[in-house]
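Novice: What follows is my_file-v6.pdb; its format and atoms are PDB, C-alpha atoms and all ligand atoms.
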```pdb
ATOM      1  CA  ALA L 263      38.776 -34.802   2.535
ATOM      2  CA  GLN L 264      38.889 -31.763   4.748
ATOM      3  CA  VAL L 265      36.937 -28.612   5.322
ATOM      4  CA  THR L 266      38.563 -25.795   3.344
ATOM      5  CA  ILE L 267      38.681 -22.232   4.666
ATOM      6  CA  SER L 268      39.982 -19.208   2.846
ATOM      7  CA  HIS L 269      40.464 -15.919   4.680
ATOM      8  CA  GLY L 270      40.976 -12.791   2.642
ATOM      9  CA  ASN L 271      41.213  -9.290   4.068
ATOM     10  CA  SER L 272      37.504  -8.716   3.621
ATOM     11  CA  ARG L 273      35.893 -12.142   3.516
ATOM     12  CA  VAL L 274      36.037 -15.650   4.943
ATOM     13  CA  SER L 275      34.622 -18.637   3.108
ATOM     14  CA  ALA L 276      34.366 -22.292   4.031
ATOM     15  CA  SER L 277      33.198 -25.399   2.246
ATOM     16  CA  LEU L 278      32.565 -28.995   3.205
ATOM     17  CA  PRO L 279      33.963 -31.892   1.164
ATOM     18  CA  SER L 280      30.352 -32.676   0.175
ATOM     19  CA  GLY L 281      30.086 -29.226  -1.485
ATOM     20  CA  GLU L 282      28.064 -27.058   0.927
ATOM     21  CA  SER L 283      29.607 -23.610   1.395
ATOM     22  CA  ILE L 284      29.272 -20.289   3.178
ATOM     23  CA  GLU L 285      30.838 -16.883   2.650
ATOM     24  CA  ILE L 286      31.021 -14.151   5.314
ATOM     25  CA  LEU L 287      31.973 -10.494   4.801
ATOM     26  CA  LEU L 288      34.051  -9.220   7.729
ATOM     27  CA  TYR L 289      32.129  -5.953   7.439
ATOM     28  CA  GLY L 290      29.208  -6.629   9.708
ATOM     29  CA  ALA L 291      30.162 -10.344   9.964
ATOM     30  CA  THR L 292      27.454 -10.552   7.298
ATOM     31  CA  VAL L 293      26.787 -14.014   5.895
ATOM     32  CA  LEU L 294      26.598 -13.285   2.151
ATOM     33  CA  SER L 295      26.074 -16.776   0.801
ATOM     34  CA  TRP L 296      24.980 -20.238   1.916
ATOM     35  CA  LYS L 297      24.936 -22.911  -0.777
ATOM     36  CA  ASP L 298      23.825 -26.526  -0.545
ATOM     37  CA  ALA L 299      25.854 -29.431  -1.911
ATOM     38  CA  SER L 300      24.560 -28.789  -5.434
ATOM     39  CA  GLY L 301      25.572 -25.117  -5.282
ATOM     40  CA  ASP L 302      22.001 -23.862  -4.888
ATOM     41  CA  GLU L 303      22.053 -20.467  -3.123
ATOM     42  CA  LYS L 304      19.750 -20.276  -0.083
ATOM     43  CA  LEU L 305      20.098 -16.585   0.815
ATOM     44  CA  TRP L 306      18.949 -13.556  -1.168
ATOM     45  CA  LEU L 307      21.565 -10.854  -1.833
ATOM     46  CA  SER L 308      20.643  -7.696  -3.696
ATOM     47  CA  GLU L 309      22.598  -7.165  -6.916
ATOM     48  CA  GLY L 310      22.972  -3.595  -5.671
ATOM     49  CA  ALA L 311      24.273  -4.551  -2.234
ATOM     50  CA  LYS L 312      27.279  -2.502  -1.119
ATOM     51  CA  LEU L 313      30.089  -4.947  -0.208
ATOM     52  CA  ASP L 314      32.821  -2.320   0.255
ATOM     53  CA  GLY L 315      31.952  -1.286   3.814
ATOM     54  CA  THR L 316      30.186   1.905   2.826
ATOM     55  CA  LYS L 317      26.707   0.661   3.828
ATOM     56  CA  ALA L 318      25.061  -2.268   5.572
ATOM     57  CA  VAL L 319      24.666  -5.207   3.191
ATOM     58  CA  ARG L 320      21.236  -5.476   1.523
ATOM     59  CA  GLY L 321      20.699  -9.196   1.896
ATOM     60  CA  GLY L 322      22.344 -12.267   3.390
ATOM     61  CA  ILE L 323      22.186 -12.161   7.213
ATOM     62  CA  PRO L 324      22.900  -8.669   8.577
ATOM     63  CA  LEU L 325      23.300  -8.501  12.372
ATOM     64  CA  VAL L 326      21.120  -6.097  14.366
ATOM     65  CA  PHE L 327      22.607  -4.839  17.682
ATOM     66  CA  PRO L 328      22.099  -2.982  20.079
ATOM     67  CA  VAL L 329      18.810  -1.607  18.718
ATOM     68  CA  PHE L 330      16.179  -2.936  16.283
ATOM     69  CA  GLY L 331      14.971  -0.198  13.953
ATOM     70  CA  THR L 332      15.323   3.136  15.730
ATOM     71  CA  ALA L 333      14.280   3.853  19.327
ATOM     72  CA  PRO L 334      13.816   7.630  19.720
ATOM     73  CA  ASP L 335      12.207   7.152  23.144
ATOM     74  CA  HIS L 336      15.012   4.953  24.478
ATOM     75  CA  GLU L 337      17.613   7.447  25.691
ATOM     76  CA  ALA L 338      20.681   5.183  25.572
ATOM     77  CA  THR L 339      20.174   4.001  21.962
ATOM     78  CA  SER L 340      18.228   6.968  20.591
ATOM     79  CA  LYS L 341      21.274   8.380  18.771
ATOM     80  CA  LEU L 342      22.208   5.142  16.979
ATOM     81  CA  PRO L 343      21.601   4.494  13.275
ATOM     82  CA  GLN L 344      18.763   2.183  12.237
ATOM     83  CA  HIS L 345      19.455  -1.380  13.470
ATOM     84  CA  GLY L 346      22.554  -0.264  15.418
ATOM     85  CA  PHE L 347      26.256  -0.481  14.542
ATOM     86  CA  ALA L 348      27.055  -4.241  14.471
ATOM     87  CA  ARG L 349      26.206  -4.569  10.773
ATOM     88  CA  ASN L 350      28.286  -1.472   9.909
ATOM     89  CA  SER L 351      31.431  -2.418  11.839
ATOM     90  CA  ARG L 352      34.488  -4.390  10.782
ATOM     91  CA  TRP L 353      34.613  -7.645  12.747
ATOM     92  CA  GLU L 354      37.658  -9.806  13.403
ATOM     93  CA  PHE L 355      37.840 -13.403  12.158
ATOM     94  CA  LEU L 356      38.740 -15.434  15.258
ATOM     95  CA  GLY L 357      39.214 -18.711  13.384
ATOM     96  CA  LYS L 358      37.464 -22.006  12.965
ATOM     97  CA  SER L 359      36.638 -24.020  15.989
ATOM     98  CA  THR L 360      35.383 -27.332  14.714
ATOM     99  CA  SER L 361      37.186 -30.509  15.726
ATOM    100  CA  GLU L 362      39.748 -31.445  13.068
ATOM    101  CA  SER L 363      38.124 -34.865  12.743
ATOM    102  CA  SER L 364      34.705 -33.663  11.551
ATOM    103  CA  SER L 365      34.494 -33.026   7.833
ATOM    104  CA  ASN L 366      30.734 -32.684   7.904
ATOM    105  CA  SER L 367      30.663 -29.455   9.855
ATOM    106  CA  VAL L 368      32.627 -26.234  10.206
ATOM    107  CA  LYS L 369      32.208 -23.434  12.763
ATOM    108  CA  LEU L 370      33.645 -19.992  12.069
ATOM    109  CA  ASP L 371      33.957 -17.446  14.904
ATOM    110  CA  PHE L 372      33.901 -13.660  14.585
ATOM    111  CA  GLY L 373      34.386 -10.969  17.247
ATOM    112  CA  LEU L 374      33.506  -7.324  17.776
ATOM    113  CA  SER L 375      34.139  -5.342  20.948
ATOM    114  CA  SER L 376      33.845  -1.735  22.076
ATOM    115  CA  GLU L 377      37.579  -1.390  21.344
ATOM    116  CA  ASN L 378      36.918  -2.224  17.659
ATOM    117  CA  LEU L 379      34.264   0.470  17.324
ATOM    118  CA  ASP L 380      35.060   3.707  15.575
ATOM    119  CA  GLU L 381      35.065   6.738  17.875
ATOM    120  CA  ALA L 382      31.768   8.019  16.470
ATOM    121  CA  ALA L 383      29.898   4.823  17.316
ATOM    122  CA  ARG L 384      31.541   4.688  20.757
ATOM    123  CA  GLN L 385      30.323   8.211  21.434
ATOM    124  CA  LEU L 386      26.750   7.286  20.513
ATOM    125  CA  TRP L 387      26.672   4.212  22.775
ATOM    126  CA  PRO L 388      29.442   4.370  25.395
ATOM    127  CA  TYR L 389      29.143   0.889  26.902
ATOM    128  CA  LYS L 390      31.891  -1.745  27.120
ATOM    129  CA  PHE L 391      30.719  -4.905  25.392
ATOM    130  CA  GLY L 392      31.937  -7.987  23.579
ATOM    131  CA  LEU L 393      30.198  -9.827  20.733
ATOM    132  CA  LEU L 394      31.139 -13.347  19.703
ATOM    133  CA  TYR L 395      29.312 -14.493  16.569
ATOM    134  CA  SER L 396      29.619 -18.064  15.369
ATOM    135  CA  VAL L 397      28.449 -19.429  12.030
ATOM    136  CA  THR L 398      28.183 -23.211  11.822
ATOM    137  CA  LEU L 399      27.645 -25.000   8.508
ATOM    138  CA  ASP L 400      26.793 -28.653   8.294
ATOM    139  CA  ARG L 401      25.221 -30.758   5.593
ATOM    140  CA  GLU L 402      21.612 -29.874   6.308
ATOM    141  CA  SER L 403      21.668 -26.672   8.353
ATOM    142  CA  LEU L 404      23.205 -23.297   9.066
ATOM    143  CA  LYS L 405      23.406 -22.085  12.672
ATOM    144  CA  THR L 406      24.210 -18.502  13.628
ATOM    145  CA  ALA L 407      24.692 -17.710  17.318
ATOM    146  CA  LEU L 408      25.566 -14.441  19.048
ATOM    147  CA  VAL L 409      27.016 -14.149  22.554
ATOM    148  CA  ILE L 410      26.806 -10.645  24.002
ATOM    149  CA  THR L 411      28.878  -9.845  27.099
ATOM    150  CA  ASN L 412      28.777  -6.753  29.291
ATOM    151  CA  GLU L 413      32.422  -5.952  29.973
ATOM    152  CA  GLY L 414      31.792  -2.629  31.688
ATOM    153  CA  ASP L 415      30.783  -1.598  35.194
ATOM    154  CA  VAL L 416      27.201  -0.567  34.476
ATOM    155  CA  PRO L 417      24.282  -2.523  33.027
ATOM    156  CA  PHE L 418      23.077  -1.790  29.500
ATOM    157  CA  GLU L 419      19.896  -2.585  27.586
ATOM    158  CA  PHE L 420      19.884  -3.956  24.046
ATOM    159  CA  GLN L 421      17.835  -5.575  21.326
ATOM    160  CA  THR L 422      19.332  -8.002  18.843
ATOM    161  CA  LEU L 423      18.167  -9.797  15.686
ATOM    162  CA  LEU L 424      19.452 -11.944  12.822
ATOM    163  CA  HIS L 425      18.080 -10.210   9.722
ATOM    164  CA  THR L 426      17.972 -13.241   7.393
ATOM    165  CA  TYR L 427      16.979 -12.732   3.738
ATOM    166  CA  PHE L 428      15.795 -16.092   2.362
ATOM    167  CA  ARG L 429      15.901 -16.735  -1.367
ATOM    168  CA  ILE L 430      12.602 -18.056  -2.703
ATOM    169  CA  LYS L 431      11.184 -18.435  -6.204
ATOM    170  CA  ASP L 432       7.897 -16.558  -5.939
ATOM    171  CA  ILE L 433       6.633 -14.688  -2.850
ATOM    172  CA  SER L 434       3.010 -15.184  -3.953
ATOM    173  CA  SER L 435       3.321 -18.923  -3.284
ATOM    174  CA  VAL L 436       5.214 -18.595   0.004
ATOM    175  CA  GLN L 437       3.619 -19.378   3.370
ATOM    176  CA  ILE L 438       5.187 -19.170   6.811
ATOM    177  CA  ALA L 439       3.870 -21.629   9.403
ATOM    178  CA  GLY L 440       4.570 -21.656  13.128
ATOM    179  CA  LEU L 441       3.171 -18.184  13.781
ATOM    180  CA  GLU L 442      -0.479 -19.219  14.024
ATOM    181  CA  ASP L 443      -2.559 -17.647  16.831
ATOM    182  CA  SER L 444       0.467 -15.518  17.793
ATOM    183  CA  PRO L 445       0.521 -11.855  18.765
ATOM    184  CA  TYR L 446       2.269  -9.449  16.413
ATOM    185  CA  VAL L 447       2.847  -5.744  15.866
ATOM    186  CA  ASP L 448       1.855  -4.717  12.355
ATOM    187  CA  LYS L 449       4.319  -2.015  11.269
ATOM    188  CA  VAL L 450       2.422  -1.515   8.029
ATOM    189  CA  ASP L 451      -0.758  -0.654   9.947
ATOM    190  CA  ALA L 452       0.294   2.007  12.469
ATOM    191  CA  ALA L 453       2.130  -0.526  14.637
ATOM    192  CA  LYS L 454      -1.219  -1.935  15.761
ATOM    193  CA  ALA L 455      -1.135  -4.986  18.062
ATOM    194  CA  LYS L 456      -2.863  -7.912  16.303
ATOM    195  CA  THR L 457      -3.161 -11.689  16.529
ATOM    196  CA  GLN L 458      -2.383 -14.080  13.668
ATOM    197  CA  SER L 459      -5.298 -16.300  12.690
ATOM    198  CA  SER L 460      -4.948 -20.077  12.735
ATOM    199  CA  ASP L 461      -3.699 -19.815   9.144
ATOM    200  CA  PRO L 462      -0.047 -19.585   8.083
ATOM    201  CA  VAL L 463       1.257 -16.151   7.023
ATOM    202  CA  ALA L 464       0.815 -15.456   3.300
ATOM    203  CA  PHE L 465       1.919 -12.451   1.242
ATOM    204  CA  SER L 466      -0.147 -10.127  -0.942
ATOM    205  CA  GLY L 467       1.488  -6.769  -0.252
ATOM    206  CA  GLU L 468       4.112  -4.990   1.864
ATOM    207  CA  THR L 469       4.474  -6.997   5.053
ATOM    208  CA  ASP L 470       6.393  -5.879   8.153
ATOM    209  CA  ARG L 471       5.393  -7.655  11.380
ATOM    210  CA  VAL L 472       7.055  -8.383  14.705
ATOM    211  CA  TYR L 473       5.678 -11.719  15.924
ATOM    212  CA  THR L 474       6.144 -13.303  19.350
ATOM    213  CA  PRO L 475       5.295 -16.907  18.402
ATOM    214  CA  ALA L 476       2.914 -18.395  20.944
ATOM    215  CA  LYS L 477       4.603 -21.818  20.939
ATOM    216  CA  GLY L 478       8.001 -20.465  21.962
ATOM    217  CA  PRO L 479      11.426 -20.457  20.285
ATOM    218  CA  SER L 480      11.891 -24.238  20.005
ATOM    219  CA  HIS L 481       8.753 -24.588  17.844
ATOM    220  CA  PRO L 482       9.870 -24.483  14.183
ATOM    221  CA  VAL L 483       8.944 -21.566  11.939
ATOM    222  CA  VAL L 484       8.614 -23.147   8.485
ATOM    223  CA  ILE L 485       8.906 -21.305   5.158
ATOM    224  CA  SER L 486       7.208 -23.220   2.380
ATOM    225  CA  GLU L 487       6.713 -22.590  -1.361
ATOM    226  CA  GLY L 488       3.813 -24.013  -3.255
ATOM    227  CA  GLY L 489       3.075 -26.244  -0.271
ATOM    228  CA  ALA L 490       6.601 -27.690  -0.062
ATOM    229  CA  ALA L 491       8.680 -26.845   3.048
ATOM    230  CA  LYS L 492      11.988 -25.140   2.163
ATOM    231  CA  PHE L 493      13.415 -23.821   5.478
ATOM    232  CA  SER L 494      12.691 -24.638   9.112
ATOM    233  CA  ILE L 495      13.970 -22.147  11.701
ATOM    234  CA  VAL L 496      14.466 -23.140  15.337
ATOM    235  CA  ARG L 497      15.511 -20.466  17.826
ATOM    236  CA  ASP L 498      17.349 -20.421  21.126
ATOM    237  CA  ASN L 499      16.572 -17.542  23.499
ATOM    238  CA  LEU L 500      15.242 -15.344  20.650
ATOM    239  CA  ASP L 501      11.533 -15.003  21.351
ATOM    240  CA  ASP L 502      10.526 -12.888  18.365
ATOM    241  CA  VAL L 503      10.307 -13.411  14.610
ATOM    242  CA  VAL L 504      10.108 -10.420  12.266
ATOM    243  CA  VAL L 505       8.467 -11.139   8.906
ATOM    244  CA  TRP L 506       9.241  -8.649   6.146
ATOM    245  CA  ASN L 507       8.691  -8.249   2.452
ATOM    246  CA  PRO L 508       9.054  -4.695   1.067
ATOM    247  CA  TRP L 509       6.831  -5.360  -1.999
ATOM    248  CA  ILE L 510       6.853  -3.055  -5.034
ATOM    249  CA  ASP L 511       6.997   0.499  -3.672
ATOM    250  CA  LYS L 512       9.445  -0.021  -0.786
ATOM    251  CA  ALA L 513      11.721  -2.054  -3.086
ATOM    252  CA  ALA L 514      11.576   0.786  -5.609
ATOM    253  CA  GLY L 515      12.546   3.227  -2.853
ATOM    254  CA  MET L 516      15.698   1.391  -1.686
ATOM    255  CA  GLY L 517      18.702   2.463  -3.756
ATOM    256  CA  ASP L 518      20.610  -0.757  -3.024
ATOM    257  CA  PHE L 519      17.662  -3.079  -3.721
ATOM    258  CA  GLU L 520      18.253  -4.672  -7.131
ATOM    259  CA  PRO L 521      16.739  -5.953  -9.304
ATOM    260  CA  LYS L 522      13.681  -3.835  -8.564
ATOM    261  CA  ASP L 523      11.392  -6.846  -8.867
ATOM    262  CA  GLY L 524      13.651  -8.821  -6.517
ATOM    263  CA  TRP L 525      11.007  -8.552  -3.803
ATOM    264  CA  LYS L 526       9.344 -11.517  -5.558
ATOM    265  CA  ASN L 527      12.372 -13.695  -4.799
ATOM    266  CA  MET L 528      12.998 -12.941  -1.153
ATOM    267  CA  VAL L 529      11.364 -13.122   2.228
ATOM    268  CA  CYS L 530      12.823 -12.086   5.573
ATOM    269  CA  ALA L 531      12.051 -14.221   8.641
ATOM    270  CA  GLU L 532      14.233 -12.738  11.357
ATOM    271  CA  ALA L 533      14.920 -14.374  14.720
ATOM    272  CA  GLY L 534      15.431 -11.756  17.392
ATOM    273  CA  ALA L 535      14.864 -10.382  20.874
ATOM    274  CA  VAL L 536      13.263  -7.091  19.872
ATOM    275  CA  SER L 537       9.798  -6.713  21.411
ATOM    276  CA  SER L 538      11.328  -5.579  24.684
ATOM    277  CA  TRP L 539      14.724  -4.500  26.004
ATOM    278  CA  GLN L 540      17.166  -7.108  27.319
ATOM    279  CA  LYS L 541      19.036  -5.791  30.350
ATOM    280  CA  LEU L 542      22.588  -7.101  30.736
ATOM    281  CA  GLU L 543      24.191  -6.654  34.140
ATOM    282  CA  LYS L 544      27.965  -6.078  34.350
ATOM    283  CA  GLY L 545      29.886  -9.278  33.727
ATOM    284  CA  ASP L 546      26.798 -11.067  32.393
ATOM    285  CA  ALA L 547      26.327 -12.687  28.991
ATOM    286  CA  PHE L 548      23.332 -13.242  26.694
ATOM    287  CA  GLU L 549      23.281 -15.944  24.017
ATOM    288  CA  GLY L 550      20.780 -16.047  21.161
ATOM    289  CA  ALA L 551      20.839 -18.390  18.189
ATOM    290  CA  GLN L 552      18.945 -19.634  15.171
ATOM    291  CA  THR L 553      19.370 -22.917  13.348
ATOM    292  CA  ILE L 554      17.982 -23.010   9.810
ATOM    293  CA  TYR L 555      17.328 -26.522   8.518
ATOM    294  CA  LEU L 556      17.014 -27.187   4.794
ATOM    295  CA  LYS L 557      13.920 -29.236   4.084
TER     296      LYS L 557
HETATM  297  O1  LIG T   1      13.230  -6.155   9.481
HETATM  298  C1  LIG T   1      12.272  -5.326   8.931
HETATM  299  C2  LIG T   1      12.779  -3.903   8.925
HETATM  300  O2  LIG T   1      12.825  -3.368  10.220
HETATM  301  C3  LIG T   1      11.873  -3.104   7.999
HETATM  302  O3  LIG T   1      11.081  -2.178   8.731
HETATM  303  C4  LIG T   1      12.854  -2.431   7.048
HETATM  304  O4  LIG T   1      13.273  -1.196   7.576
HETATM  305  C5  LIG T   1      13.981  -3.463   7.034
HETATM  306  O5  LIG T   1      14.116  -3.833   8.386
HETATM  307  C6  LIG T   1      15.250  -3.013   6.382
HETATM  308  O6  LIG T   1      15.888  -2.040   7.147
HETATM  309  P1  LIG T   1      17.260  -1.412   6.548
HETATM  310  O7  LIG T   1      17.760  -0.468   7.599
HETATM  311  O8  LIG T   1      18.189  -2.563   6.313
HETATM  312  O9  LIG T   1      16.876  -0.759   5.241
END
```
Give the structure from the file, written as structure tokens.
Ligand code: TA6

Specialist:
Amino acid sequence: AQVTISHGNSRVSASLPSGESIEILLYGATVLSWKDASGDEKLWLSEGAKLDGTKAVRGGIPLVFPVFGTAPDHEATSKLPQHGFARNSRWEFLGKSTSESSSNSVKLDFGLSSENLDEAARQLWPYKFGLLYSVTLDRESLKTALVITNEGDVPFEFQTLLHTYFRIKDISSVQIAGLEDSPYVDKVDAAKAKTQSSDPVAFSGETDRVYTPAKGPSHPVVISEGGAAKFSIVRDNLDDVVVWNPWIDKAAGMGDFEPKDGWKNMVCAEAGAVSSWQKLEKGDAFEGAQTIYLK
């Protein structure tokens, strides 16, 4: 049996003979769905998510580039929309690049370059760049990797992040391990610099923190529910992990966040390089990746 791929004008989906599947929206190269062999959905997607290209997708794995959040004091990116333009741009499907022989894995490649950008976005950030995003599905993991190349004559600075919305049953029984004793910026408390205790992260209200895990990117960040591990995230060259749950009020305030109590069923653990600016010299490339293992 072979890997099957279907490529419509707005989406690409792939499935393994054993039943695992992924679906990617070409708008933003946003992974919308990742299902295990039994069809159990692993990502959270708002029922109010816009999938017609009019707004960044609320859920799945939106891509953040070249700025995380907004950066009013960073001249070059200060005019960009929140989280940059990658998640609001139409990407090209470049094809699958797994060896024909393997039916236990499929890798889909997507591209976005300065030429693809609409004129407005190009005006706001006039650098020549290339993005190559690959999504690899195998029987027990999903890997998403981004290669950023500077194709112009001047260096540029960027931040990047994989804004993964994990589907969980009940946020009140979720813990995130692997961030113990690590520094973080608490965006819910005046962006104060704090240090995580030796306990895992637990949730009892709006949570919005930028961690730089002390043990480095190869140390797993593990999302568990009721004491049972569900997801284990290993990073490559992405030193930060953003942990976010909007809770009641922020969920109520987002027009595309549905159902309104959906905050109970999602948690964001986002691998990124966001606590400082990455400088990319002309002709250079940056690669960052996450691999999410199902436990
Ligand atoms: O990743 C956390 C965060 O930066 C939060 O501060 C919140 O703004 C979230 O991203 C969603 O941002 P969005 O622009 O998608 O509404």

Novice: Could you check the closest approach to ligand LIG 1 (chain T) for each of L:Pro334, L:Gly488, L:Gly517, L:Pro328 and tell me which residue wins, using only C-alpha atoms and all ligand atoms?

Specialist: L:Gly517

Novice: Taking only C-alpha atoms and all ligand atoms into account, produce a table as JSON lines in which each residue of chain L with an atom at most 8 Å from an atom of ligand LIG 1 (chain T) appears once, together with its shortest atom pair and the distance in Å to one decimal, ordered by chain and rising number.

Specialist:
```
{"residue": "L:Ala318", "atom": "CA", "partner": "T:LIG1", "partner_atom": "O8", "distance": 6.9}
{"residue": "L:Val319", "atom": "CA", "partner": "T:LIG1", "partner_atom": "O8", "distance": 7.7}
{"residue": "L:Arg320", "atom": "CA", "partner": "T:LIG1", "partner_atom": "O8", "distance": 6.4}
{"residue": "L:Phe330", "atom": "CA", "partner": "T:LIG1", "partner_atom": "O2", "distance": 6.9}
{"residue": "L:Gly331", "atom": "CA", "partner": "T:LIG1", "partner_atom": "O2", "distance": 5.3}
{"residue": "L:Gln344", "atom": "CA", "partner": "T:LIG1", "partner_atom": "O7", "distance": 5.4}
{"residue": "L:His345", "atom": "CA", "partner": "T:LIG1", "partner_atom": "O7", "distance": 6.2}
{"residue": "L:His425", "atom": "CA", "partner": "T:LIG1", "partner_atom": "O1", "distance": 6.3}
{"residue": "L:Lys449", "atom": "CA", "partner": "T:LIG1", "partner_atom": "O3", "distance": 7.2}
{"residue": "L:Asp470", "atom": "CA", "partner": "T:LIG1", "partner_atom": "C1", "distance": 6.0}
{"residue": "L:Arg471", "atom": "CA", "partner": "T:LIG1", "partner_atom": "C1", "distance": 7.7}
{"residue": "L:Val504", "atom": "CA", "partner": "T:LIG1", "partner_atom": "O1", "distance": 6.0}
{"residue": "L:Val505", "atom": "CA", "partner": "T:LIG1", "partner_atom": "O1", "distance": 6.9}
{"residue": "L:Trp506", "atom": "CA", "partner": "T:LIG1", "partner_atom": "C1", "distance": 5.3}
{"residue": "L:Asn507", "atom": "CA", "partner": "T:LIG1", "partner_atom": "C1", "distance": 8.0}
{"residue": "L:Pro508", "atom": "CA", "partner": "T:LIG1", "partner_atom": "C4", "distance": 7.4}
{"residue": "L:Met516", "atom": "CA", "partner": "T:LIG1", "partner_atom": "O9", "distance": 7.3}
{"residue": "L:Cys530", "atom": "CA", "partner": "T:LIG1", "partner_atom": "O1", "distance": 7.1}
{"residue": "L:Glu532", "atom": "CA", "partner": "T:LIG1", "partner_atom": "O1", "distance": 6.9}
```

Novice: Care to translate the PyMOL selection byres (((chain L and resi 423) around 10) and not hetatm) into actual residues of this file, as an mmCIF file with C-alpha atoms, in the frame of the given file?

Specialist:
```
data_model
loop_
_atom_site.group_PDB
_atom_site.id
_atom_site.type_symbol
_atom_site.label_atom_id
_atom_site.label_comp_id
_atom_site.auth_asym_id
_atom_site.auth_seq_id
_atom_site.Cartn_x
_atom_site.Cartn_y
_atom_site.Cartn_z
ATOM 1 C CA ILE L 323 22.186 -12.161 7.213
ATOM 2 C CA PRO L 324 22.900 -8.669 8.577
ATOM 3 C CA LEU L 325 23.300 -8.501 12.372
ATOM 4 C CA VAL L 326 21.120 -6.097 14.366
ATOM 5 C CA PHE L 327 22.607 -4.839 17.682
ATOM 6 C CA PRO L 328 22.099 -2.982 20.079
ATOM 7 C CA VAL L 329 18.810 -1.607 18.718
ATOM 8 C CA PHE L 330 16.179 -2.936 16.283
ATOM 9 C CA HIS L 345 19.455 -1.380 13.470
ATOM 10 C CA LEU L 408 25.566 -14.441 19.048
ATOM 11 C CA GLN L 421 17.835 -5.575 21.326
ATOM 12 C CA THR L 422 19.332 -8.002 18.843
ATOM 13 C CA LEU L 424 19.452 -11.944 12.822
ATOM 14 C CA HIS L 425 18.080 -10.210 9.722
ATOM 15 C CA THR L 426 17.972 -13.241 7.393
ATOM 16 C CA LEU L 500 15.242 -15.344 20.650
ATOM 17 C CA ASP L 502 10.526 -12.888 18.365
ATOM 18 C CA VAL L 503 10.307 -13.411 14.610
ATOM 19 C CA VAL L 504 10.108 -10.420 12.266
ATOM 20 C CA GLU L 532 14.233 -12.738 11.357
ATOM 21 C CA ALA L 533 14.920 -14.374 14.720
ATOM 22 C CA GLY L 534 15.431 -11.756 17.392
ATOM 23 C CA ALA L 535 14.864 -10.382 20.874
ATOM 24 C CA VAL L 536 13.263 -7.091 19.872
ATOM 25 C CA GLY L 550 20.780 -16.047 21.161
ATOM 26 C CA ALA L 551 20.839 -18.390 18.189
ATOM 27 C CA GLN L 552 18.945 -19.634 15.171
#
```

Novice: What does the distance between CA of Gly322 in chain L and CA of Leu305 in chain L come to in Å, to one decimal place?

Specialist: 5.5 Å

Novice: Using all atoms listed in the file, which of the listed residues (L:Pro462, L:Gly467, L:Gly440, L:Gly373) sits closest to Ala407 in chain L?

Specialist: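 Among L:Pro462, L:Gly467, L:Gly440, L:Gly373, it is L:Gly373 that comes nearest to Ala407 in chain L.
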
Novice: Contacts of Val484 in chain L at 8 Å or less, counting all atoms listed in the file, minus same-chain residues fewer than 6 places along, as a compact mmCIF listing (two decimals) with C-alpha atoms, keeping the file's coordinate frame?

Specialist:
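Dumped everything to out21.txt:
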```
# COMPACT_ATOMS: atom_id res chain seq x y z
CA ILE L 438 5.19 -19.17 6.81
CA ALA L 439 3.87 -21.63 9.40
CA GLY L 440 4.57 -21.66 13.13
CA ALA L 491 8.68 -26.84 3.05
CA LYS L 492 11.99 -25.14 2.16
CA PHE L 493 13.42 -23.82 5.48
CA SER L 494 12.69 -24.64 9.11
CA ILE L 495 13.97 -22.15 11.70
```

Novice: Have a look at L:Ser403, L:Thr553, L:Phe420, L:Ala452 and name the one nearest to His481 in chain L; count all atoms listed in the file.

Specialist: L:Thr553

Novice: If you apply the PyMOL selection byres (((chain L and resi 274) around 6) and not hetatm) to this file, what residues do you get, as number ranges by chain?

Specialist: L: 268-269, 273, 275, 285-286

Novice: Given 5 Å of margin on each side, can you work out the centre and size in Å (one decimal) of an axis-aligned box holding every listed atom of range 304-313 of chain L, as lines of an AutoDock Vina configuration file?

Specialist:
```
center_x = 24.5
center_y = -11.4
center_z = -3.1
size_x = 21.1
size_y = 27.8
size_z = 17.7
```

Novice: What does the distance between CA of Ser272 in chain L and CA of Ser351 in chain L come to in Å, to one decimal place?

Specialist: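 That distance, rounded to one decimal, is 12.0 Å.
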
Novice: Report as a PyMOL selection string the full result of the PyMOL selection byres (((chain L and resi 366-368) around 10) and not hetatm) when it is applied to this structure.

Specialist: chain L and resi 263-267+276-280+282-284+358-365+369-370+397-404

Novice: To one decimal place, how far is CA of Thr406 in chain L from CA of Gly281 in chain L in Å?

Specialist: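 That distance, rounded to one decimal, is 19.4 Å.
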
Novice: Could I get the residues of range 443-554 of chain L with an atom no further than 7 Å from an atom of range 433-436 of chain L, each paired with its nearest atom pair and that distance in Å to one decimal, using only C-alpha atoms, sorted by chain and residue number, as CSV?

Specialist:
```
residue,atom,partner,partner_atom,distance
L:Ala464,CA,L:Val436,CA,6.3
L:Phe465,CA,L:Ser434,CA,6.0
L:Ser466,CA,L:Ser434,CA,6.7
L:Ile485,CA,L:Val436,CA,6.9
L:Ser486,CA,L:Val436,CA,5.6
L:Glu487,CA,L:Val436,CA,4.5
L:Gly488,CA,L:Ser435,CA,5.1
L:Lys526,CA,L:Ile433,CA,5.0
L:Asn527,CA,L:Ile433,CA,6.1
L:Met528,CA,L:Ile433,CA,6.8
```

Novice: Compile the contact shell of Pro417 in chain L as a ChimeraX atom specification: residues with an atom at most 9 Å away, counting only C-alpha atoms, same-chain residues fewer than 6 positions apart removed.

Specialist: /L:389,541-546

Novice: Those same residues - C-alpha atoms - I'd like them written as a compact mmCIF listing (two decimals), in the frame of the given file.

Specialist:
```
# COMPACT_ATOMS: atom_id res chain seq x y z
CA TYR L 389 29.14 0.89 26.90
CA LYS L 541 19.04 -5.79 30.35
CA LEU L 542 22.59 -7.10 30.74
CA GLU L 543 24.19 -6.65 34.14
CA LYS L 544 27.96 -6.08 34.35
CA GLY L 545 29.89 -9.28 33.73
CA ASP L 546 26.80 -11.07 32.39
```
